[in-house]
Amino acid sequence: MKNLTRLNALSLNALCLLNTMSTELLAELKIAVDRRRNFAIISHPDAGKTTLTEKLLLYGGAIHEAGAVKARKEQRHATSDWMEMEKQRGISITSTVLQFDYRDCSINLLDTPGHQDFSEDTYRTLAAADNAVMLIDAAKGLEPQTRKLFEVCRMRELPIFTFINKMDRPGRAPLDLLDEIEKEFQMMTYPVNWPIGSGDRFRGVFDRQKRQIHLFERSIGGRKVAKDTIVELDDPNLESMFEPDLYAQFQEELELLDQLGCELDVEAIHEGLMTPVFFGSAMTNFGVELFLDSFLNYALKPGSHESTEGIIEPTYPEFSGFVFKLQANMDPRHRDRIAFVRVCSGKFEKDMSVTHARSGKVVRLSRPQKLFAQDREVIEEAYPGDIIGLNNPGVFAIGDTIYMGKKLEYEGIPCFSPELFAYLRNPNPSKFKQFRKAVSELREEGAVQIMYSSDESKRDPILAAVGQLQMEVVQFRLQSEYGVETQLDWLPYSVARWVEGGWAAVEAVGRMFNTLVVKDSWERPVLLFKNEWNCQQLMGDHPELVLNAIAPVVAGKEPIAIT
C-alpha cells in the first residue's frame, strides 16, 4: 500500500512538472511569435526590388554599406544576389532568405526573383511568407509580373503592403497610382505617407500617422543611412520651405485624402482587403525607414497552417515545419545542398530528431543554420516564422513536412506546366559522372523540371522550363559549379499535361498523334503538345482522359486549387 501511495505521488509530481514545462514553453512560444515578422518582396523586373532589399538590411543594421545592384568591379555587389550569374547580369535569379533584428523584432525577409521565368521559385517562396511587400515603379504603375504575383498572394491570403518606388524620378500622379491599384485589385488603399512633389521637384513625404514631414535630401548612391530632417506640420516656417504651387497642391491633396479617403483598418489589412501604401526612393534610402517602422506595427505575425490534422497554430507545442526550397552549391567549396525550412509550430532546437513525413524516417538535425543570403551560421534554436537551413544529403524534397509528436503533413507545393523543352546533351563522355550528379542536384532543388523520354533508348534528360532564361541559368551553373559543358537540342513542344490515372490511363488511349509521351522525375506520365489546339483535340477525341496543367504534389496535403 505504501509503495502504491509513493508511486501515485511520483506520478502526480511528474504530471505537475510536465504541466509546468508545457506552460513555460507556451509562454516562450507566444513571446517569440510576437517578436517575429516574415515577408516576401514581389515586383516586376527593374522596379527596384533588390535595391529595396539592400536598404532594408542597411536600416536593420544587418549590413553597414549597401551594394550596387549593377556594380562595377570595385563596388560591392548586392547582398541578396550571391550567385555568380546574378552578379554578372544585375538581376535576381534565385530566392534568398535574409534574417536580421530591427528594434525589438526578428525579421525574416524573403527576396524573390522578379523575372517571369522564375515565377515558380517565387510561388514556392510565397508559401513560406506571412506578408508580401508589393514594389511598384512610380513611372510605370502596375506591370504584368506584379499582377501575376499579386494573384498568388491573394490566393494564399497574404496581407499586402505597397511601396511605390523611384519618387525622385518623373512618374505618374500618386492619386492615379492609388486609383489603379483599387480598380485592378479590388482592394482599398491607405497612404501611410504622402509625397510632396515628384521627380526633380520631389521634396519629401508627409507621415499621416505622426503628422510630420520628412524632407528629402538628394544623395548619390544611397550606400549609407540617409539623414532624416523632420518638420512638424504646424511649423510656422513650413510654407516657406516649398514652392508656392507645390505647397498648395500638397494642401489640396491632403485635404482630399482626409475627407474622402478611408480610415486605416489593421484587420482589413490582415484579411487582404486593404493595402497600406508608402512612397519613397529606395536608391537614395528615402522613405525606407518609415516603411520598416510602420510595417512592424501593421504586419501579420506568424500564423496557423492547414495540415492533414487540421489547423496547426504556431503555439502548438510540438515542432513542425515544411521544406519550400532546395539550393545546391551555395558554398561552392563544399558542394553543399541546403533545404530551406519554414518553422510552423513549436520550438526548434539543434540536434533534435524529427520524423520525415514522406518516408517515415527519423532524421537528426545536427547543423541547422541561420541564413543570410550566401552567408550562414549555426543556430541553437528557432521559432515559428523563422526560416532555417538544413543540410540535405538527398533526403528532402520540396513540400516535405518534418515534425515531432503526432504525424501531420502540410500542403504540398506543386510544379507548374513548363513551356520550353530541350534535350540536355553532354558532349564529353569523360564528364559523365559530373553530368549525372549535376542533373540530379539541380532536379532536387527545382531550378528546372527534368523529364525523360518514355523510350528507354533515349537516356538524355529533357529540360522543361517556363522561360529561356531558366535554360541559360542551368547551363551556366553546370559549367561554373560542376565543370560540365552542355548542349541543348530543342523540342517543338510548348504545352505539358500530367495524366490523371497514371500509365494505365495512357495505355488505355493507345496511339496518340502530335503528342510526345515522357515521364517526370517521379516516373509519372506527362504528355507534350506542340500547342494548346493539339491538347484540346486529344481531349476531344478521348473525353475519358483527364489532364492537369499542374503536377500532383510529391509530398504533403494537396493544396487548394490554383487558377
# chains A, B, ... in the order shown; residues from 1 in each chain; ligands from 1
$ select_by_dssp --residues "segment 237-433 of chain A" --states "alpha helix (DSSP H)" --output "mmCIF file with C-alpha atoms, in the first residue's frame"
data_model
loop_
_atom_site.group_PDB
_atom_site.id
_atom_site.type_symbol
_atom_site.label_atom_id
_atom_site.label_comp_id
_atom_site.auth_asym_id
_atom_site.auth_seq_id
_atom_site.Cartn_x
_atom_site.Cartn_y
_atom_site.Cartn_z
ATOM 1 C CA PRO A 244 4.030 78.040 -53.625
ATOM 2 C CA ASP A 245 2.330 75.829 -56.229
ATOM 3 C CA LEU A 246 3.847 72.667 -54.719
ATOM 4 C CA TYR A 247 2.716 73.578 -51.221
ATOM 5 C CA ALA A 248 -0.792 74.441 -52.475
ATOM 6 C CA GLN A 249 -1.007 71.092 -54.286
ATOM 7 C CA PHE A 250 0.126 69.253 -51.147
ATOM 8 C CA GLN A 251 -2.510 71.015 -49.027
ATOM 9 C CA GLU A 252 -5.216 70.235 -51.568
ATOM 10 C CA GLU A 253 -4.290 66.539 -51.838
ATOM 11 C CA LEU A 254 -4.019 66.190 -48.069
ATOM 12 C CA GLU A 255 -7.494 67.641 -47.600
ATOM 13 C CA LEU A 256 -8.833 65.284 -50.275
ATOM 14 C CA LEU A 257 -7.287 62.244 -48.547
ATOM 15 C CA ASP A 258 -8.612 63.246 -45.115
ATOM 16 C CA GLN A 259 -12.138 63.889 -46.388
ATOM 17 C CA LEU A 260 -12.640 61.143 -48.999
ATOM 18 C CA VAL A 266 -5.436 46.769 -39.466
ATOM 19 C CA GLU A 267 -7.961 43.936 -39.555
ATOM 20 C CA ALA A 268 -8.774 44.731 -43.196
ATOM 21 C CA ILE A 269 -5.023 44.702 -43.953
ATOM 22 C CA HIS A 270 -4.681 41.235 -42.423
ATOM 23 C CA VAL A 288 12.703 53.091 -46.300
ATOM 24 C CA GLU A 289 12.951 53.531 -42.530
ATOM 25 C CA LEU A 290 9.423 54.981 -42.428
ATOM 26 C CA PHE A 291 8.170 51.898 -44.235
ATOM 27 C CA LEU A 292 10.043 49.468 -41.980
ATOM 28 C CA ASP A 293 8.725 51.077 -38.780
ATOM 29 C CA SER A 294 5.116 51.016 -39.999
ATOM 30 C CA PHE A 295 5.415 47.503 -41.383
ATOM 31 C CA LEU A 296 6.390 46.150 -37.958
ATOM 32 C CA ASN A 297 3.255 47.733 -36.483
ATOM 33 C CA TYR A 298 0.763 46.518 -39.089
ATOM 34 C CA PHE A 432 29.582 11.612 -67.350
ATOM 35 C CA LYS A 433 29.718 11.295 -63.532
#
$ select_by_dssp --residues "segment 477-548 of chain A" --states "strand (DSSP E)" --output "ChimeraX atom specification"
/A:487-490,495-499,515-520,525-529,547-548
$ residues_around --residues "Pro368 of chain A" --least-positions-apart "5" --cutoff "10 Å" --atoms "only C-alpha atoms" --output "list of chain:residue names"
A:Ile338, A:Ala339, A:Val341, A:Phe348, A:Glu349, A:Lys350, A:Asp351, A:Met352, A:Arg376, A:Glu377, A:Val378, A:Ile379, A:Glu380, A:Glu381, A:Ala382, A:Ile388, A:Gly389, A:Leu390, A:Asn391
$ residues_around --residues "segment 130-147 of chain A" --least-positions-apart "3" --cutoff "8 Å" --atoms "only C-alpha atoms" --output "PyMOL selection string"
chain A and resi 37-45+47-49+114-116+126+150-151+153+158-167+169-172+174+177+180-181+299-303+385
$ residues_around --residues "Ile31 of chain A" --least-positions-apart "5" --cutoff "12 Å" --atoms "only C-alpha atoms" --output "list in words"
Glu24, Leu25, Leu26, Arg36, Asp104, Cys105, Ser106, Lys301, Pro302, Pro314, Thr315, Lys347, Tyr383 and Pro384 of chain A
$ closest_residue --among "A:Gln537, A:Tyr452, A:Val495, A:Val474" --to "Ser521 of chain A" --atoms "only C-alpha atoms"
A:Tyr452
$ atom_distance --atom1 "atom CA of Phe100 of chain A" --atom2 "atom CA of Phe340 of chain A"
16.5 Å
$ residues_around --residues "Asp400 of chain A" --least-positions-apart "5" --cutoff "7 Å" --atoms "only C-alpha atoms" --output "CSV table (one decimal) with N, CA, C and O atoms, in the first residue's frame"
chain,number,residue,atom,x,y,z
A,322,PHE,N,8.0,22.9,-42.9
A,322,PHE,CA,8.0,22.3,-44.2
A,322,PHE,C,9.1,22.9,-45.1
A,322,PHE,O,9.5,24.0,-44.9
A,323,VAL,N,9.6,22.1,-46.0
A,323,VAL,CA,10.6,22.5,-47.0
A,323,VAL,C,10.0,23.2,-48.2
A,323,VAL,O,9.1,22.6,-48.8
A,357,ALA,N,8.0,13.1,-42.8
A,357,ALA,CA,6.6,12.6,-43.1
A,357,ALA,C,6.5,11.7,-44.3
A,357,ALA,O,5.8,10.7,-44.3
A,358,ARG,N,7.2,12.1,-45.4
A,358,ARG,CA,7.0,11.3,-46.6
A,358,ARG,C,7.6,9.9,-46.5
A,358,ARG,O,7.0,9.0,-47.0
A,555,ALA,N,4.8,15.5,-52.0
A,555,ALA,CA,4.7,15.2,-50.6
A,555,ALA,C,3.7,16.2,-50.0
A,555,ALA,O,3.6,17.3,-50.5
A,556,GLY,N,3.0,15.8,-49.0
A,556,GLY,CA,2.1,16.7,-48.3
A,556,GLY,C,0.7,16.7,-48.8
A,556,GLY,O,0.3,16.0,-49.7
$ residues_around --residues "Asn193 of chain A" --least-positions-apart "2" --cutoff "8 Å" --atoms "only C-alpha atoms" --output "short mmCIF file (atom, residue, chain, number, x, y, z; two decimals) with all heavy atoms, in the first residue's frame"
data_model
loop_
_atom_site.label_atom_id
_atom_site.label_comp_id
_atom_site.auth_asym_id
_atom_site.auth_seq_id
_atom_site.Cartn_x
_atom_site.Cartn_y
_atom_site.Cartn_z
N PRO A 191 -2.85 55.45 -47.92
CA PRO A 191 -1.49 56.01 -47.96
C PRO A 191 -1.02 56.34 -46.54
O PRO A 191 -1.56 57.23 -45.89
CB PRO A 191 -1.65 57.29 -48.79
CG PRO A 191 -3.01 57.20 -49.42
CD PRO A 191 -3.84 56.37 -48.51
N PRO A 195 3.50 61.84 -50.76
CA PRO A 195 4.64 62.56 -51.33
C PRO A 195 4.34 64.04 -51.57
O PRO A 195 3.22 64.43 -51.89
CB PRO A 195 4.87 61.83 -52.66
CG PRO A 195 3.50 61.33 -53.05
CD PRO A 195 2.82 60.98 -51.75
N VAL A 205 8.08 63.49 -47.90
CA VAL A 205 6.80 62.83 -47.67
C VAL A 205 6.22 63.28 -46.34
O VAL A 205 6.94 63.67 -45.42
CB VAL A 205 6.93 61.28 -47.67
CG1 VAL A 205 7.35 60.76 -49.04
CG2 VAL A 205 7.87 60.80 -46.59
N PHE A 206 4.90 63.20 -46.27
CA PHE A 206 4.18 63.55 -45.05
C PHE A 206 3.71 62.27 -44.38
O PHE A 206 3.01 61.46 -44.98
CB PHE A 206 2.98 64.44 -45.40
CG PHE A 206 2.06 64.70 -44.23
CD1 PHE A 206 2.53 65.35 -43.10
CD2 PHE A 206 0.74 64.28 -44.27
CE1 PHE A 206 1.69 65.59 -42.02
CE2 PHE A 206 -0.11 64.52 -43.20
CZ PHE A 206 0.36 65.18 -42.06
N ASP A 207 4.14 62.06 -43.14
CA ASP A 207 3.73 60.91 -42.34
C ASP A 207 2.34 61.20 -41.77
O ASP A 207 2.19 62.04 -40.86
CB ASP A 207 4.75 60.68 -41.21
CG ASP A 207 4.43 59.43 -40.38
OD1 ASP A 207 3.28 58.95 -40.44
OD2 ASP A 207 5.33 58.95 -39.67
N ARG A 208 1.33 60.54 -42.29
CA ARG A 208 -0.06 60.84 -41.91
C ARG A 208 -0.38 60.40 -40.49
O ARG A 208 -1.32 60.92 -39.90
CB ARG A 208 -1.02 60.18 -42.89
CG ARG A 208 -0.89 60.70 -44.31
CD ARG A 208 -1.91 60.04 -45.22
NE ARG A 208 -3.27 60.42 -44.89
CZ ARG A 208 -4.35 59.73 -45.22
NH1 ARG A 208 -4.21 58.58 -45.87
NH2 ARG A 208 -5.55 60.15 -44.89
N GLN A 209 0.36 59.44 -39.96
CA GLN A 209 0.08 58.97 -38.61
C GLN A 209 0.65 59.92 -37.56
O GLN A 209 -0.01 60.27 -36.59
CB GLN A 209 0.67 57.56 -38.41
CG GLN A 209 0.19 56.52 -39.41
CD GLN A 209 -1.33 56.42 -39.42
OE1 GLN A 209 -1.97 56.82 -40.38
NE2 GLN A 209 -1.90 55.89 -38.36
N VAL A 277 -0.05 51.96 -48.23
CA VAL A 277 0.80 52.42 -49.33
C VAL A 277 1.86 53.39 -48.80
O VAL A 277 1.55 54.29 -48.01
CB VAL A 277 -0.04 53.11 -50.43
CG1 VAL A 277 0.86 53.56 -51.59
CG2 VAL A 277 -1.12 52.16 -50.95
N PHE A 278 3.09 53.18 -49.25
CA PHE A 278 4.22 54.02 -48.86
C PHE A 278 4.90 54.56 -50.12
O PHE A 278 5.02 53.85 -51.12
CB PHE A 278 5.24 53.21 -48.06
CG PHE A 278 4.66 52.53 -46.85
CD1 PHE A 278 3.98 51.31 -46.96
CD2 PHE A 278 4.76 53.10 -45.59
CE1 PHE A 278 3.43 50.69 -45.86
CE2 PHE A 278 4.22 52.49 -44.47
CZ PHE A 278 3.55 51.28 -44.61
N PHE A 279 5.34 55.80 -50.06
CA PHE A 279 6.05 56.42 -51.17
C PHE A 279 7.49 56.68 -50.75
O PHE A 279 7.75 57.04 -49.59
CB PHE A 279 5.40 57.74 -51.58
CG PHE A 279 4.00 57.59 -52.14
CD1 PHE A 279 2.90 57.54 -51.29
CD2 PHE A 279 3.81 57.49 -53.50
CE1 PHE A 279 1.62 57.40 -51.81
CE2 PHE A 279 2.52 57.36 -54.02
CZ PHE A 279 1.43 57.31 -53.17
#
$ closest_residue --among "A:Pro429, A:Gly280, A:Gly310, A:Pro393" --to "Gly197 of chain A" --atoms "only C-alpha atoms"
A:Gly280
$ closest_residue --among "A:Ala438, A:Ala282, A:Leu58, A:Ile312" --to "Ala328 of chain A" --atoms "only C-alpha atoms"
A:Ala438
